[in-house]
>>> print(open('structure-v5.txt').read())   # compact mmCIF, C-alpha atoms
# COMPACT_ATOMS: atom_id res chain seq x y z
CA MET N 1 -25.18 37.14 -221.11
CA PRO N 2 -26.88 38.88 -218.15
CA ASP N 3 -26.73 42.63 -217.72
CA PRO N 4 -23.77 43.39 -215.41
CA SER N 5 -25.67 46.24 -213.74
CA PRO N 6 -29.36 45.36 -213.67
CA ILE N 7 -31.84 47.97 -212.54
CA THR N 8 -33.36 46.86 -209.27
CA PRO N 9 -35.97 48.52 -207.03
CA ALA N 10 -33.14 49.43 -204.68
CA THR N 11 -31.42 51.57 -207.33
CA ARG N 12 -34.65 53.50 -207.94
CA ARG N 13 -35.17 54.47 -204.32
CA TRP N 14 -35.44 58.12 -203.38
CA THR N 15 -32.20 58.73 -201.60
CA PRO N 16 -31.36 62.16 -200.10
CA SER N 17 -28.55 62.69 -202.61
CA ARG N 18 -30.83 61.85 -205.54
CA PHE N 19 -33.52 64.19 -204.22
CA ARG N 20 -31.01 67.03 -203.89
CA ALA N 21 -29.74 66.38 -207.43
CA LEU N 22 -33.32 66.47 -208.74
CA LEU N 23 -33.93 69.77 -206.96
CA ARG N 24 -30.79 71.23 -208.49
CA SER N 25 -31.78 70.16 -212.01
CA ARG N 26 -35.55 70.71 -211.93
CA GLY N 27 -36.49 72.40 -208.68
CA PRO N 28 -37.50 76.03 -208.06
CA THR N 29 -33.88 77.15 -208.05
CA SER N 30 -32.92 75.31 -211.23
CA VAL N 31 -32.26 77.09 -214.52
CA ARG N 32 -34.92 75.00 -216.27
CA PHE N 33 -37.61 75.97 -213.76
CA ARG N 34 -36.66 79.64 -213.77
CA ARG N 35 -36.62 79.71 -217.57
CA ARG N 36 -40.16 78.33 -217.71
CA ILE N 37 -41.36 80.86 -215.15
CA ALA N 38 -39.68 83.64 -217.17
CA VAL N 39 -41.49 82.58 -220.37
CA ILE N 40 -44.88 82.22 -218.67
CA ALA N 41 -44.59 85.50 -216.75
CA GLY N 42 -43.30 87.27 -219.84
CA ALA N 43 -46.20 86.00 -221.96
CA ILE N 44 -48.72 87.19 -219.37
CA ALA N 45 -47.05 90.60 -219.24
CA ILE N 46 -47.05 90.79 -223.06
CA GLY N 47 -50.81 90.29 -223.17
CA ILE N 48 -51.34 93.04 -220.59
CA ALA N 49 -48.91 95.42 -222.29
CA ALA N 50 -50.49 94.84 -225.71
CA VAL N 51 -53.98 95.67 -224.43
CA LEU N 52 -52.86 98.79 -222.56
CA PHE N 53 -50.90 100.01 -225.58
CA ALA N 54 -53.88 99.37 -227.86
CA GLN N 55 -56.21 101.32 -225.60
CA ALA N 56 -53.77 104.22 -225.35
CA SER N 57 -53.28 104.24 -229.12
CA ASP N 58 -57.04 104.23 -229.77
CA ALA N 59 -57.51 107.09 -227.29
CA ALA N 60 -54.75 109.09 -228.98
CA GLY N 61 -56.33 108.48 -232.38
CA GLU N 62 -59.73 109.64 -231.15
CA ALA N 63 -58.15 112.73 -229.61
CA PHE N 64 -56.47 113.67 -232.87
CA GLY N 65 -59.66 112.96 -234.82
CA GLY N 66 -61.60 115.39 -232.64
CA PHE N 67 -58.83 117.97 -232.96
CA ALA N 68 -58.66 117.66 -236.77
CA ASN N 69 -62.44 117.95 -237.10
CA HIS N 70 -62.62 121.03 -234.91
CA TYR N 71 -59.52 122.78 -236.27
CA ARG N 72 -59.43 121.58 -239.85
CA TRP N 73 -56.49 123.67 -241.10
CA VAL N 74 -54.30 123.65 -238.00
CA PRO N 75 -52.76 120.19 -238.74
CA LEU N 76 -51.05 121.80 -241.74
CA LEU N 77 -48.78 123.35 -239.11
CA THR N 78 -48.90 120.92 -236.19
CA THR N 79 -48.33 117.71 -238.15
CA PRO N 80 -45.05 118.76 -239.84
CA LEU N 81 -43.81 120.30 -236.59
CA GLY N 82 -44.79 117.12 -234.74
CA PHE N 83 -42.90 114.97 -237.26
CA MET N 84 -39.78 117.10 -236.86
CA THR N 85 -39.98 117.03 -233.07
CA LEU N 86 -40.52 113.28 -232.89
CA VAL N 87 -37.63 112.54 -235.26
CA TRP N 88 -35.31 114.87 -233.33
CA ILE N 89 -36.22 113.22 -230.02
CA THR N 90 -35.87 109.74 -231.52
CA ARG N 91 -32.44 110.40 -233.00
CA ARG N 92 -31.25 112.21 -229.90
CA TRP N 93 -32.45 109.85 -227.17
CA VAL N 94 -33.73 106.51 -228.57
CA PRO N 95 -32.38 105.96 -232.10
CA LEU N 96 -33.17 102.23 -231.94
CA ALA N 97 -36.87 103.02 -231.50
CA ARG N 98 -37.32 104.40 -235.01
CA GLY N 99 -39.58 102.67 -237.50
CA SER N 100 -41.75 99.61 -237.08
CA GLY N 101 -40.10 97.54 -234.36
CA ILE N 102 -40.22 94.26 -236.24
CA PRO N 103 -36.80 94.79 -237.92
CA GLN N 104 -35.29 95.44 -234.48
CA VAL N 105 -36.60 92.11 -233.18
CA MET N 106 -35.29 90.32 -236.25
CA ALA N 107 -31.87 91.91 -235.74
CA ALA N 108 -31.96 91.01 -232.03
CA ARG N 109 -31.93 87.28 -232.83
CA SER N 110 -28.21 87.29 -233.57
CA ASP N 111 -27.26 88.41 -230.04
CA PRO N 112 -30.30 88.48 -227.72
CA VAL N 113 -28.32 89.23 -224.56
CA ALA N 114 -26.68 92.31 -226.06
CA ALA N 115 -30.02 93.34 -227.58
CA THR N 116 -31.56 93.69 -224.10
CA SER N 117 -29.25 96.68 -223.64
CA GLY N 118 -30.09 98.21 -227.02
CA LEU N 119 -32.58 96.96 -229.60
CA ILE N 120 -35.05 95.55 -227.08
CA ALA N 121 -33.99 97.47 -223.97
CA ILE N 122 -36.71 98.77 -221.65
CA ARG N 123 -35.54 102.34 -222.27
CA THR N 124 -35.88 101.78 -226.01
CA VAL N 125 -39.42 100.46 -225.83
CA VAL N 126 -40.58 103.07 -223.33
CA GLY N 127 -39.43 105.68 -225.82
CA LYS N 128 -41.01 103.64 -228.63
CA THR N 129 -44.35 103.57 -226.82
CA LEU N 130 -44.47 107.27 -226.02
CA LEU N 131 -43.20 108.38 -229.42
CA THR N 132 -45.61 106.10 -231.29
CA LEU N 133 -48.48 107.62 -229.30
CA GLY N 134 -47.04 111.02 -230.19
CA ALA N 135 -47.05 110.06 -233.86
CA VAL N 136 -50.72 109.05 -233.58
CA LEU N 137 -51.47 112.40 -231.92
CA CYS N 138 -49.84 114.11 -234.92
CA GLY N 139 -52.07 112.26 -237.39
CA ALA N 140 -49.27 110.10 -238.78
CA SER N 141 -50.27 107.05 -240.81
CA VAL N 142 -48.89 104.55 -238.30
CA GLY N 143 -50.04 101.35 -236.64
CA ARG N 144 -49.37 99.90 -233.21
CA GLU N 145 -48.79 96.27 -234.20
CA GLY N 146 -45.11 96.58 -235.17
CA PRO N 147 -44.22 98.52 -232.02
CA THR N 148 -46.10 95.89 -229.99
CA VAL N 149 -43.69 93.25 -231.35
CA GLN N 150 -40.68 95.23 -230.11
CA ILE N 151 -42.39 95.92 -226.77
CA ALA N 152 -43.15 92.20 -226.42
CA ALA N 153 -39.52 91.23 -226.99
CA ALA N 154 -38.36 93.77 -224.41
CA VAL N 155 -40.89 92.52 -221.86
CA MET N 156 -39.71 88.95 -222.37
CA GLY N 157 -36.11 90.08 -222.05
CA LEU N 158 -36.93 91.80 -218.75
CA SER N 159 -38.63 88.70 -217.36
CA HIS N 160 -35.54 86.65 -218.16
CA ARG N 161 -33.26 89.18 -216.48
CA LEU N 162 -35.43 89.16 -213.37
CA MET N 163 -35.31 85.35 -213.24
CA LEU N 164 -31.53 85.38 -213.87
CA VAL N 165 -31.66 83.22 -217.00
CA THR N 166 -30.12 83.82 -220.41
CA LEU N 167 -32.39 85.13 -223.16
CA LYS N 168 -32.24 82.89 -226.23
CA SER N 169 -32.95 83.63 -229.87
CA SER N 170 -35.90 81.26 -229.90
CA VAL N 171 -37.47 83.16 -226.99
CA VAL N 172 -37.09 86.46 -228.87
CA ILE N 173 -38.95 84.91 -231.80
CA ALA N 174 -41.65 83.53 -229.51
CA SER N 175 -42.15 86.88 -227.80
CA GLY N 176 -42.42 88.75 -231.11
CA ALA N 177 -45.00 86.27 -232.35
CA ALA N 178 -46.89 86.62 -229.09
CA GLY N 179 -46.93 90.38 -229.65
CA VAL N 180 -48.58 89.92 -233.06
CA ALA N 181 -51.12 87.51 -231.58
CA ALA N 182 -52.02 89.85 -228.73
CA ALA N 183 -52.17 92.96 -230.94
CA PHE N 184 -54.59 91.47 -233.47
CA ASN N 185 -56.22 88.83 -231.24
CA THR N 186 -55.07 86.31 -233.87
CA PRO N 187 -53.14 83.38 -232.32
CA LEU N 188 -52.69 81.45 -235.57
CA ALA N 189 -51.30 84.53 -237.30
CA GLY N 190 -48.73 84.81 -234.53
CA VAL N 191 -47.55 81.26 -235.20
CA LEU N 192 -47.22 81.82 -238.93
CA PHE N 193 -45.57 85.20 -238.49
CA ALA N 194 -42.91 83.54 -236.35
CA ILE N 195 -42.28 81.00 -239.09
CA GLU N 196 -42.42 83.31 -242.11
CA GLU N 197 -40.78 86.50 -240.85
CA LEU N 198 -39.13 86.39 -237.43
CA ALA N 199 -37.34 83.05 -237.77
CA ALA N 200 -34.66 82.91 -240.46
CA ALA N 201 -34.34 79.15 -239.93
CA TYR N 202 -37.25 77.70 -238.03
CA GLU N 203 -36.31 75.08 -235.44
CA GLN N 204 -38.71 72.35 -234.46
CA ARG N 205 -37.58 72.42 -230.84
CA MET N 206 -38.93 75.95 -230.38
CA THR N 207 -42.47 75.03 -231.49
CA LEU N 208 -43.78 74.48 -227.96
CA MET N 209 -42.27 77.74 -226.73
CA VAL N 210 -43.80 79.74 -229.59
CA LEU N 211 -47.21 78.17 -229.12
CA SER N 212 -47.13 78.53 -225.33
CA SER N 213 -46.19 82.22 -225.47
CA ILE N 214 -48.82 82.97 -228.12
CA VAL N 215 -51.59 81.12 -226.31
CA ILE N 216 -50.83 82.73 -222.94
CA ALA N 217 -50.45 86.27 -224.34
CA GLY N 218 -53.57 85.81 -226.48
CA MET N 219 -55.66 84.53 -223.56
CA VAL N 220 -54.57 87.39 -221.31
CA ALA N 221 -55.29 89.99 -224.01
CA GLN N 222 -58.65 88.36 -224.75
CA SER N 223 -59.63 88.28 -221.08
CA LEU N 224 -58.86 92.00 -220.75
CA ALA N 225 -60.17 93.27 -224.10
CA GLY N 226 -62.94 90.72 -224.66
CA ASP N 227 -63.44 88.08 -227.34
CA TYR N 228 -63.59 90.49 -230.23
CA VAL N 229 -62.99 90.13 -233.98
CA TYR N 230 -60.65 92.92 -235.17
CA PHE N 231 -62.71 94.02 -238.18
CA GLY N 232 -65.97 92.36 -237.07
CA ALA N 233 -67.52 89.07 -238.13
CA ILE N 234 -67.92 89.58 -241.88
CA GLY N 235 -68.22 85.99 -243.10
CA ALA N 236 -67.49 86.94 -246.73
CA HIS N 237 -67.60 84.40 -249.53
CA LEU N 238 -67.01 84.43 -253.31
CA PRO N 239 -68.49 82.10 -255.94
CA THR N 240 -65.98 79.95 -257.82
CA ALA N 241 -66.70 81.58 -261.18
CA GLY N 242 -66.11 85.04 -259.75
CA ALA N 243 -62.99 83.91 -257.88
CA LEU N 244 -61.35 82.67 -261.08
CA ILE N 245 -61.54 86.24 -262.42
CA VAL N 246 -61.06 88.37 -259.32
CA VAL N 247 -58.22 86.40 -257.69
CA PRO N 248 -55.53 86.87 -260.38
CA VAL N 249 -56.40 90.53 -260.91
CA ALA N 250 -56.37 91.27 -257.17
CA GLY N 251 -53.16 89.31 -256.65
CA ILE N 252 -51.26 91.08 -259.39
CA ALA N 253 -52.60 94.58 -258.63
CA GLY N 254 -52.13 94.33 -254.88
CA GLY N 255 -48.78 92.58 -255.15
CA LEU N 256 -47.36 95.16 -257.53
CA ALA N 257 -48.60 98.04 -255.38
CA GLY N 258 -47.19 96.48 -252.21
CA GLY N 259 -43.89 95.72 -253.93
CA CYS N 260 -43.58 99.33 -255.09
CA PHE N 261 -44.18 100.51 -251.51
CA SER N 262 -41.50 98.18 -250.13
CA ARG N 263 -39.02 99.16 -252.83
CA ALA N 264 -39.54 102.86 -252.13
CA VAL N 265 -39.06 102.39 -248.35
CA LEU N 266 -35.91 100.29 -248.84
CA ALA N 267 -34.53 102.73 -251.41
CA LEU N 268 -34.80 105.60 -248.94
CA ALA N 269 -33.50 103.51 -246.05
CA THR N 270 -30.55 101.79 -247.71
CA GLY N 271 -30.11 103.42 -251.13
CA ARG N 272 -27.26 105.67 -252.20
CA HIS N 273 -28.98 108.13 -254.51
CA GLY N 274 -29.26 111.86 -253.95
CA ILE N 275 -32.58 111.88 -252.09
CA THR N 276 -31.34 109.28 -249.60
CA ARG N 277 -28.11 111.17 -248.95
CA TRP N 278 -30.02 114.41 -248.44
CA SER N 279 -32.55 112.80 -246.09
CA LYS N 280 -29.78 111.29 -243.95
CA ALA N 281 -27.84 114.55 -243.85
CA ARG N 282 -30.92 116.58 -242.81
CA PRO N 283 -33.23 114.05 -241.10
CA VAL N 284 -35.30 116.57 -239.12
CA LEU N 285 -35.92 118.77 -242.15
CA PHE N 286 -36.76 115.72 -244.25
CA ALA N 287 -39.24 114.60 -241.58
CA GLY N 288 -40.88 118.02 -241.77
CA GLY N 289 -41.31 117.60 -245.52
CA CYS N 290 -42.87 114.16 -244.98
CA GLY N 291 -45.16 115.71 -242.38
CA ILE N 292 -46.31 118.32 -244.91
CA VAL N 293 -47.27 115.51 -247.32
CA VAL N 294 -49.23 113.70 -244.62
CA ALA N 295 -50.90 116.93 -243.46
CA VAL N 296 -51.95 118.06 -246.93
CA LEU N 297 -53.40 114.63 -247.74
CA GLY N 298 -55.22 114.49 -244.41
CA VAL N 299 -56.67 118.00 -244.63
CA VAL N 300 -57.75 117.64 -248.27
CA THR N 301 -59.23 114.14 -247.98
CA GLY N 302 -60.16 113.92 -244.30
CA LEU N 303 -59.66 110.14 -244.54
CA THR N 304 -55.95 109.37 -244.56
CA TRP N 305 -55.15 110.27 -240.95
CA GLY N 306 -54.00 107.57 -238.52
CA THR N 307 -54.29 103.83 -238.94
CA GLY N 308 -57.18 103.93 -241.42
CA TYR N 309 -59.01 101.26 -239.41
CA GLY N 310 -62.38 103.01 -239.62
CA ALA N 311 -62.21 103.49 -243.38
CA ALA N 312 -61.04 99.91 -243.92
CA ARG N 313 -63.85 98.44 -241.86
CA ALA N 314 -66.42 100.63 -243.62
CA MET N 315 -65.27 99.35 -247.01
CA ILE N 316 -65.33 95.74 -245.81
CA VAL N 317 -68.97 96.02 -244.72
CA GLY N 318 -69.92 97.55 -248.08
CA ALA N 319 -69.84 101.31 -247.56
CA ASP N 320 -69.02 103.40 -250.61
CA ALA N 321 -65.61 105.07 -250.52
CA PRO N 322 -63.84 107.36 -252.99
CA LEU N 323 -61.63 105.53 -255.48
CA TRP N 324 -58.67 107.73 -254.60
CA PHE N 325 -58.56 106.52 -251.00
CA GLY N 326 -56.14 103.65 -251.67
CA PRO N 327 -53.49 105.69 -253.54
CA ALA N 328 -53.83 108.61 -251.09
CA LYS N 329 -53.46 106.34 -248.05
CA LEU N 330 -50.48 104.60 -249.66
CA LEU N 331 -48.74 107.95 -250.16
CA ALA N 332 -49.49 109.05 -246.57
CA THR N 333 -48.17 105.75 -245.22
CA LEU N 334 -45.05 105.95 -247.38
CA ALA N 335 -44.34 109.51 -246.21
CA THR N 336 -44.77 108.42 -242.59
CA ALA N 337 -42.67 105.26 -242.97
CA VAL N 338 -39.65 107.04 -244.46
CA ALA N 339 -39.81 110.03 -242.09
CA GLY N 340 -37.88 108.16 -239.38
CA LEU N 341 -40.35 108.38 -236.51
CA PRO N 342 -41.50 105.33 -234.51
CA GLY N 343 -44.61 103.51 -235.70
CA GLY N 344 -45.75 100.42 -237.55
CA ILE N 345 -47.19 99.80 -241.00
CA PHE N 346 -49.43 96.77 -240.37
CA ALA N 347 -52.74 98.58 -239.86
CA PRO N 348 -52.10 101.31 -242.48
CA SER N 349 -51.18 98.59 -244.99
CA LEU N 350 -54.47 96.83 -244.34
CA ALA N 351 -56.23 100.17 -244.93
CA VAL N 352 -54.37 100.68 -248.22
CA GLY N 353 -55.30 97.13 -249.16
CA ALA N 354 -58.94 97.94 -248.49
CA GLY N 355 -58.49 100.88 -250.86
CA VAL N 356 -57.10 98.50 -253.49
CA GLY N 357 -60.11 96.26 -252.94
CA ASN N 358 -62.37 99.29 -253.28
CA LEU N 359 -60.86 99.96 -256.72
CA LEU N 360 -61.48 96.32 -257.64
CA ARG N 361 -65.11 96.67 -256.56
CA ALA N 362 -65.57 99.22 -259.33
CA ALA N 363 -64.04 96.77 -261.82
CA PHE N 364 -66.17 93.84 -260.60
CA PRO N 365 -69.50 95.38 -259.53
CA GLY N 366 -71.33 92.07 -259.75
CA GLU N 367 -69.18 90.31 -257.14
CA PRO N 368 -69.72 90.43 -253.35
CA ALA N 369 -68.21 93.70 -252.17
CA ALA N 370 -66.84 92.40 -248.87
CA ALA N 371 -65.06 89.49 -250.54
CA VAL N 372 -63.43 91.70 -253.17
CA VAL N 373 -62.23 94.21 -250.57
CA ILE N 374 -60.76 91.45 -248.38
CA LEU N 375 -58.92 89.96 -251.36
CA GLY N 376 -57.47 93.40 -252.06
CA MET N 377 -56.29 93.61 -248.45
CA VAL N 378 -54.68 90.17 -248.62
CA ALA N 379 -52.95 91.02 -251.89
CA TYR N 380 -51.53 94.39 -250.83
CA PHE N 381 -50.50 93.24 -247.36
CA THR N 382 -48.71 90.26 -248.90
CA GLY N 383 -47.04 92.55 -251.42
CA VAL N 384 -45.66 94.72 -248.61
CA VAL N 385 -44.68 92.12 -246.01
CA ARG N 386 -44.09 89.13 -248.33
CA ALA N 387 -45.60 86.73 -245.81
CA PRO N 388 -48.56 85.17 -247.69
CA LEU N 389 -49.59 82.67 -245.02
CA THR N 390 -49.58 85.34 -242.32
CA ALA N 391 -51.63 87.67 -244.52
CA VAL N 392 -54.30 85.04 -245.15
CA ILE N 393 -54.61 84.01 -241.51
CA ILE N 394 -54.69 87.61 -240.25
CA LEU N 395 -57.53 88.49 -242.61
CA SER N 396 -59.41 85.25 -241.99
CA GLU N 397 -59.16 85.71 -238.22
CA THR N 398 -59.83 89.47 -238.17
CA THR N 399 -62.93 89.20 -240.38
CA ALA N 400 -64.14 85.67 -239.54
CA SER N 401 -64.26 85.00 -243.31
CA ARG N 402 -63.01 81.44 -243.26
CA GLY N 403 -65.23 80.57 -246.24
CA LEU N 404 -62.94 82.76 -248.34
CA MET N 405 -59.77 80.86 -247.41
CA LEU N 406 -59.01 79.25 -250.77
CA PRO N 407 -59.40 82.47 -252.81
CA MET N 408 -57.31 84.29 -250.19
CA PHE N 409 -54.51 81.73 -250.41
CA ALA N 410 -54.48 81.91 -254.20
CA THR N 411 -54.49 85.71 -254.12
CA ALA N 412 -51.67 85.81 -251.56
CA PHE N 413 -49.38 83.51 -253.55
CA ILE N 414 -49.97 85.46 -256.75
CA ALA N 415 -49.34 88.73 -254.89
CA ASP N 416 -46.11 87.36 -253.41
CA TRP N 417 -44.89 86.46 -256.89
CA ALA N 418 -45.89 89.84 -258.32
CA SER N 419 -44.26 91.75 -255.45
CA MET N 420 -41.02 89.80 -255.82
CA GLY N 421 -40.85 90.97 -259.44
CA VAL N 422 -40.75 94.57 -258.22
CA CYS N 423 -38.74 94.20 -254.99
CA ARG N 424 -36.77 91.00 -254.49
CA GLU N 425 -35.67 91.82 -250.95
CA LYS N 426 -38.22 91.42 -248.17
CA LEU N 427 -39.04 94.71 -246.48
CA TYR N 428 -38.43 93.72 -242.86
CA HIS N 429 -35.30 91.75 -243.72
CA GLY N 430 -33.84 94.74 -245.55
CA LEU N 431 -34.68 97.10 -242.70
CA ALA N 432 -33.32 94.66 -240.12
CA ALA N 433 -29.92 94.93 -241.81
CA THR N 434 -29.82 98.64 -240.89
CA PHE N 435 -29.88 97.62 -237.21
CA ALA N 436 -27.39 94.77 -237.50
CA THR N 437 -24.38 96.83 -236.41
CA LYS N 438 -26.22 98.53 -233.57
CA PRO N 439 -25.52 97.51 -229.95
>>> encode(input="structure-v5.txt", output="structure tokens")
Amino acid sequence: MPDPSPITPATRRWTPSRFRALLRSRGPTSVRFRRRIAVIAGAIAIGIAAVLFAQASDAAGEAFGGFANHYRWVPLLTTPLGFMTLVWITRRWVPLARGSGIPQVMAARSDPVAATSGLIAIRTVVGKTLLTLGAVLCGASVGREGPTVQIAAAVMGLSHRLMLVTLKSSVVIASGAAGVAAAFNTPLAGVLFAIEELAAAYEQRMTLMVLSSIVIAGMVAQSLAGDYVYFGAIGAHLPTAGALIVVPVAGIAGGLAGGCFSRAVLALATGRHGITRWSKARPVLFAGGCGIVVAVLGVVTGLTWGTGYGAARAMIVGADAPLWFGPAKLLATLATAVAGLPGGIFAPSLAVGAGVGNLLRAAFPGEPAAAVVILGMVAYFTGVVRAPLTAVIILSETTASRGLMLPMFATAFIADWASMGVCREKLYHGLAATFATKP
């Protein structure tokens, strides 16, 4: 039986009405076109913002380093006072800017439109940026990567508002992943971070959006900052016989240490014991006490200030470091994280992980130092964040040690298992719940 309405060349002709319909659905004024422009423009802006924030953070860190070297004892006063001031300002003016920034983006997925007026509002991230730089100027053990994720989500939200299109949950995830990629210059890590952490239920239809945002933001950041490797091209490797011994030890040690850190942070953020109640009743005073801990550690050791990037890189390339660096940096990072001021834990966690690897170097003196330190970083970072794939890709991309991939994967999975034995709830997921009822 013939088709009652066959398609003929006449029905495919470009009529004025069909052309107008096509313009409405796909033209410059269409929602689809404006949404694509919003994503592309937002990704470009994320790359620029990430580079500018990184440069400002590095300058603030250098300024504090010079201050601490010239006036060794003064931070005992200025750091606690700085902590108290920053926490007071945060609670008074931008309460949603406290902490890392990644939990805010995770919480924003449930209602992205409302989040653009709160969790990822421009006012929130402007405060986040300035206060994070203030924390760096105080010597706090903070990183810029977590705040970059929140800044990225806010930038993408602004681009959608300017183009008059609705911000979707998948776009929030894509922008956060783009922030990770631009902050570390690690595009693959951005993809995996979106899958492992930011997306509760990953949807296949958002794959292109995630990849497009990451690639664009990464290319812009790379064009501005140069084609650099975060920790330098290390190219570490580990013989199979050595890996069979080092991997399980590193995985268990780093995973347990990272799990203990996460459990302590969550206990103080969501627990109901006496210390938590006291800290929430007197947040500014509690921040001052945390600042005293950070200041004493920094003045006594001279190594635990700031992100710890310099110390971590030195240990990766084989420089000798005191065995107490890892535990001291962990305590400084914990005191900073629970104080309530804005700032991330990515970079400090990598520094603590390098300290864990430095301890393992003493236990395995016959193995390549760089490889052992990197495995310690993978293990501890996985223990804290509980994102093993992201941890491996970040370290492989930031050190160009792709020959160490299999030992890193094995270490990360062991560390994830060990960390789960100490703290079953993922750190960022637990902290995101504290923002769930916020506007």
>>> closest_residue(input="structure-v5.txt", among="N:Gly82, N:Gly157, N:Gly127, N:Pro388", to="Ala115 of chain N", atoms="all atoms listed in the file")
N:Gly157
>>> closest_residue(input="structure-v5.txt", among="N:Leu395, N:Leu341, N:Val422, N:Leu285", to="Phe409 of chain N", atoms="only C-alpha atoms")
N:Leu395
>>> closest_residue(input="structure-v5.txt", among="N:Ala241, N:Val265, N:Ala332, N:Ala287", to="Val87 of chain N", atoms="only C-alpha atoms")
N:Ala287
>>> atom_distance(input="structure-v5.txt", atom1="atom CA of Leu238 of chain N", atom2="atom CA of Ala319 of chain N")
18.1 Å
>>> atom_distance(input="structure-v5.txt", atom1="atom CA of Ser141 of chain N", atom2="atom CA of Gly310 of chain N")
12.8 Å
>>> atom_distance(input="structure-v5.txt", atom1="atom CA of Ile374 of chain N", atom2="atom CA of Val136 of chain N")
25.1 Å
>>> residues_near_point(input="structure-v5.txt", point="(-32.0, 101.3, -228.8)", cutoff="6 Å", atoms="all atoms listed in the file", output="VMD selection string")
chain N and resid 94 to 97 118 to 119 124
>>> closest_residue(input="structure-v5.txt", among="N:Val246, N:Arg272, N:Gly353, N:Thr390", to="Thr186 of chain N", atoms="all atoms listed in the file")
N:Thr390
>>> build_atoms(input="structure-v5.txt", residues="segment 56-68 of chain N", atoms="N, CA, C and O atoms", output="tab-separated table (two decimals), in the coordinates of the input")
chain	number	residue	atom	x	y	z
N	56	ALA	N	-54.38	102.90	-225.30
N	56	ALA	CA	-53.77	104.22	-225.35
N	56	ALA	C	-53.69	104.73	-226.78
N	56	ALA	O	-53.94	105.92	-227.05
N	57	SER	N	-53.37	103.84	-227.72
N	57	SER	CA	-53.28	104.24	-229.12
N	57	SER	C	-54.64	104.65	-229.67
N	57	SER	O	-54.77	105.64	-230.39
N	58	ASP	N	-55.68	103.88	-229.32
N	58	ASP	CA	-57.04	104.23	-229.77
N	58	ASP	C	-57.48	105.57	-229.19
N	58	ASP	O	-58.09	106.39	-229.88
N	59	ALA	N	-57.15	105.80	-227.92
N	59	ALA	CA	-57.51	107.09	-227.29
N	59	ALA	C	-56.79	108.24	-227.96
N	59	ALA	O	-57.37	109.32	-228.20
N	60	ALA	N	-55.51	108.05	-228.30
N	60	ALA	CA	-54.75	109.09	-228.98
N	60	ALA	C	-55.32	109.36	-230.36
N	60	ALA	O	-55.42	110.52	-230.79
N	61	GLY	N	-55.73	108.30	-231.06
N	61	GLY	CA	-56.33	108.48	-232.38
N	61	GLY	C	-57.64	109.24	-232.32
N	61	GLY	O	-57.92	110.10	-233.16
N	62	GLU	N	-58.46	108.92	-231.31
N	62	GLU	CA	-59.73	109.64	-231.15
N	62	GLU	C	-59.48	111.10	-230.80
N	62	GLU	O	-60.20	112.00	-231.28
N	63	ALA	N	-58.46	111.35	-229.98
N	63	ALA	CA	-58.15	112.73	-229.61
N	63	ALA	C	-57.73	113.54	-230.83
N	63	ALA	O	-58.17	114.68	-231.01
N	64	PHE	N	-56.87	112.94	-231.68
N	64	PHE	CA	-56.47	113.67	-232.87
N	64	PHE	C	-57.65	113.86	-233.83
N	64	PHE	O	-57.78	114.91	-234.46
N	65	GLY	N	-58.50	112.83	-233.94
N	65	GLY	CA	-59.66	112.96	-234.82
N	65	GLY	C	-60.55	114.11	-234.42
N	65	GLY	O	-61.01	114.89	-235.27
N	66	GLY	N	-60.80	114.26	-233.11
N	66	GLY	CA	-61.60	115.39	-232.64
N	66	GLY	C	-60.91	116.71	-232.90
N	66	GLY	O	-61.55	117.69	-233.31
N	67	PHE	N	-59.59	116.76	-232.71
N	67	PHE	CA	-58.83	117.97	-232.96
N	67	PHE	C	-58.88	118.36	-234.44
N	67	PHE	O	-59.11	119.53	-234.79
N	68	ALA	N	-58.68	117.38	-235.33
N	68	ALA	CA	-58.66	117.66	-236.77
N	68	ALA	C	-60.04	118.08	-237.28
N	68	ALA	O	-60.15	118.91	-238.19
